[in-house]
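Single-structure report; data block below.
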Amino acid sequence: MRKKSERPQKSPRRPGGKLRLLLEVCMAVCICMAGVLWVLRVRGDRAVTIRPEKDYQAGEVVFYDQTDKRWSGDKLGASVYTMKSSGCLTTCIASSLSTQWSREGAGRPMTPGELNEYFKEQGVYNDSGDILWDRLREALPDGEVYAASSVRGEEIEELLAQGHYPIVKVKMYGRGAQHWVLLVGGEDGEYFCMDPLLNQGELVPLSLHGGKVYRMRCVYWKD
């Protein structure tokens, strides 16, 4: 008697197969988007080596230290970050505003602690403790707030020539964490800065941080 040919049995479908495929596709899309965002961020933070073409006298500078016990434990807005850990930018702004006041009598002096409290009241910080530059402009109607889209050496020198102090983002010792310092002068092809983290009442050469700048800001009182 002839046997009927047996058809191969299909393996049973695993439950949730379509869901698993959808999740894999979503994960792949997320990875691609993260890669694109990372590339854009790297391009936006491209390092520029800067050296002054001329000498710029620093004059009297008001030094502030973000680790000062009077404000080191204060939070940046509603974030978990403190002045000690992440308040370098706020400290630089306070130094710039206070220096101009003591030198020209413009605006008013503000310590990092006072400025941080004012920023919190005015909603200048986001949830991560980063400064919102449009909100900062509104919070300082008597000040000029400039956030450069790119770093240009000639623009930094123009600001110094006008008596304004650029705030620049560097990497600690040229290779560490991101950090903000206040450029206050230049001499013999070297910039000098008020460093809110390495603050001993003396200016620090920018070359200590590799001489490379990733972003530039400037905040000062209007004349």
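As shown in the structure tokens, the chain order sets the letters A, B, ...; within each chain, residues go from 1, and ligands are also counted from 1 in the order they appear.
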**Request:** Would you list the contacts of region 193-207 of chain A as an MDAnalysis selection string, taking every protein, DNA or RNA residue within 10 Å and counting only C-alpha atoms, but skipping same-chain residues closer than 3 positions in sequence?
**Result:** chainID A and resid 49:51 58 61:68 84:92 95:96 165:168 170 172:174 179:187 190 210:213
**Request:** Rank A:Thr99, A:Gln178, A:Asn126, A:Thr82 by their smallest atom-to-atom distance to Lys69 (chain A), using only C-alpha atoms, and report the top residue only.
**Result:**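 Of A:Thr99, A:Gln178, A:Asn126, A:Thr82, the one nearest Lys69 (chain A), counting only C-alpha atoms, is A:Thr82.
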Proximity check region 88-123 of chain A to region 142-153 of chain A, 10 Å, nearest pairs one decimal Å, only C-alpha atoms, as a Markdown table:
```
| residue | atom | partner | partner_atom | distance |
| --- | --- | --- | --- | --- |
| A:Leu97 | CA | A:Gly143 | CA | 8.8 |
| A:Ala106 | CA | A:Asp142 | CA | 9.2 |
| A:Gly107 | CA | A:Asp142 | CA | 7.0 |
| A:Arg108 | CA | A:Asp142 | CA | 9.8 |
```
**Request:** Pull the alpha helix (DSSP H) assignments for region 102-194 of chain A out of DSSP run on the backbone, and list those residues as a ChimeraX atom specification.
**Result:** /A:102-104,112-121,133-139,153-161
Same residues, N, CA, C and O atoms, output as a compact mmCIF listing (two decimals), in the first residue's frame:
```
# COMPACT_ATOMS: atom_id res chain seq x y z
N SER A 102 32.91 97.48 39.40
CA SER A 102 33.98 98.07 40.21
C SER A 102 34.89 98.96 39.37
O SER A 102 35.49 99.90 39.88
N ARG A 103 34.96 98.69 38.07
CA ARG A 103 35.84 99.45 37.20
C ARG A 103 35.16 100.68 36.61
O ARG A 103 35.75 101.75 36.51
N GLU A 104 33.87 100.54 36.23
CA GLU A 104 33.18 101.62 35.53
C GLU A 104 31.94 102.12 36.26
O GLU A 104 31.35 103.13 35.85
N PRO A 112 28.49 85.17 43.09
CA PRO A 112 27.90 83.98 42.47
C PRO A 112 26.66 83.49 43.21
O PRO A 112 25.70 83.04 42.58
N GLY A 113 26.68 83.59 44.54
CA GLY A 113 25.52 83.16 45.32
C GLY A 113 24.30 84.02 45.04
O GLY A 113 23.18 83.51 44.85
N GLU A 114 24.49 85.34 45.01
CA GLU A 114 23.39 86.26 44.72
C GLU A 114 22.87 86.08 43.30
O GLU A 114 21.66 86.08 43.06
N LEU A 115 23.80 85.93 42.37
CA LEU A 115 23.40 85.78 40.97
C LEU A 115 22.65 84.47 40.76
O LEU A 115 21.66 84.41 40.03
N ASN A 116 23.10 83.41 41.42
CA ASN A 116 22.45 82.12 41.30
C ASN A 116 21.01 82.18 41.82
O ASN A 116 20.08 81.65 41.20
N GLU A 117 20.81 82.85 42.96
CA GLU A 117 19.46 83.00 43.51
C GLU A 117 18.58 83.81 42.57
O GLU A 117 17.40 83.49 42.37
N TYR A 118 19.15 84.85 41.99
CA TYR A 118 18.38 85.68 41.06
C TYR A 118 18.00 84.88 39.81
O TYR A 118 16.89 84.97 39.32
N PHE A 119 18.95 84.08 39.32
CA PHE A 119 18.67 83.23 38.16
C PHE A 119 17.53 82.25 38.46
O PHE A 119 16.67 81.99 37.61
N LYS A 120 17.53 81.70 39.66
CA LYS A 120 16.46 80.76 40.03
C LYS A 120 15.11 81.47 40.08
O LYS A 120 14.10 80.94 39.59
N GLU A 121 15.08 82.67 40.64
CA GLU A 121 13.83 83.43 40.72
C GLU A 121 13.29 83.78 39.33
O GLU A 121 12.07 83.79 39.12
N TRP A 133 19.53 81.06 27.50
CA TRP A 133 20.07 82.37 27.15
C TRP A 133 18.99 83.41 26.83
O TRP A 133 19.16 84.59 27.14
N ASP A 134 17.88 82.99 26.26
CA ASP A 134 16.79 83.94 26.02
C ASP A 134 16.20 84.43 27.34
O ASP A 134 15.87 85.61 27.48
N ARG A 135 16.08 83.52 28.31
CA ARG A 135 15.59 83.92 29.64
C ARG A 135 16.59 84.83 30.34
O ARG A 135 16.20 85.76 31.07
N LEU A 136 17.88 84.57 30.13
CA LEU A 136 18.90 85.41 30.75
C LEU A 136 18.81 86.84 30.21
O LEU A 136 18.97 87.81 30.95
N ARG A 137 18.56 86.98 28.91
CA ARG A 137 18.42 88.32 28.33
C ARG A 137 17.26 89.07 28.98
O ARG A 137 17.35 90.28 29.24
N GLU A 138 16.17 88.36 29.22
CA GLU A 138 15.02 88.99 29.86
C GLU A 138 15.32 89.34 31.32
O GLU A 138 14.84 90.34 31.84
N ALA A 139 16.12 88.50 31.97
CA ALA A 139 16.44 88.71 33.39
C ALA A 139 17.43 89.84 33.61
O ALA A 139 17.51 90.39 34.71
N GLY A 153 38.43 83.78 16.70
CA GLY A 153 39.47 84.46 17.45
C GLY A 153 39.40 85.97 17.35
O GLY A 153 39.59 86.68 18.34
N GLU A 154 39.08 86.48 16.15
CA GLU A 154 39.03 87.93 15.97
C GLU A 154 37.87 88.55 16.75
O GLU A 154 37.97 89.69 17.23
N GLU A 155 36.78 87.82 16.92
CA GLU A 155 35.66 88.34 17.69
C GLU A 155 36.00 88.42 19.18
O GLU A 155 35.62 89.37 19.87
N ILE A 156 36.73 87.43 19.67
CA ILE A 156 37.18 87.46 21.06
C ILE A 156 38.07 88.67 21.31
O ILE A 156 37.94 89.37 22.32
N GLU A 157 38.96 88.96 20.36
CA GLU A 157 39.84 90.12 20.52
C GLU A 157 39.07 91.44 20.44
O GLU A 157 39.40 92.41 21.13
N GLU A 158 38.05 91.49 19.60
CA GLU A 158 37.21 92.69 19.51
C GLU A 158 36.54 92.98 20.85
O GLU A 158 36.47 94.14 21.29
N LEU A 159 36.02 91.93 21.49
CA LEU A 159 35.37 92.12 22.79
C LEU A 159 36.36 92.60 23.84
O LEU A 159 36.06 93.51 24.62
N LEU A 160 37.54 92.00 23.87
CA LEU A 160 38.56 92.43 24.84
C LEU A 160 38.99 93.87 24.59
O LEU A 160 39.20 94.64 25.53
N ALA A 161 39.09 94.25 23.32
CA ALA A 161 39.48 95.61 22.97
C ALA A 161 38.43 96.62 23.45
O ALA A 161 38.76 97.77 23.75
```
**Request:** Quick one: pull the distance between CA of Leu140 (chain A) and CA of Trp221 (chain A), Å, one decimal.
**Result:** 8.5 Å
**Asked** Just how far from CA of Cys218 (chain A) is CA of His164 (chain A), in Å to one decimal?
**Response**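 Computed distance, CA of His164 (chain A) to CA of Cys218 (chain A), equals 7.5 Å.
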**Fill in**
One residue among A:Ser79, A:Leu208, A:Tyr191, A:Pro52 is nearest to Ser128 (chain A) when using only C-alpha atoms, and that residue is A:Ser79
**Item:** Of the listed residues A:Tyr125, A:Phe192, A:Tyr220, A:Tyr214, that which approaches Leu76 (chain A) most closely, counting only C-alpha atoms
**Value:** A:Tyr125
**Prompt:** Looking at A:Gly77, A:Ala47, A:Tyr56, A:Trp101, which one is nearest to Leu132 (chain A), with distances taken over only C-alpha atoms?
**Reply:**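 Checking each candidate against Leu132 (chain A), we get A:Gly77 as the closest.
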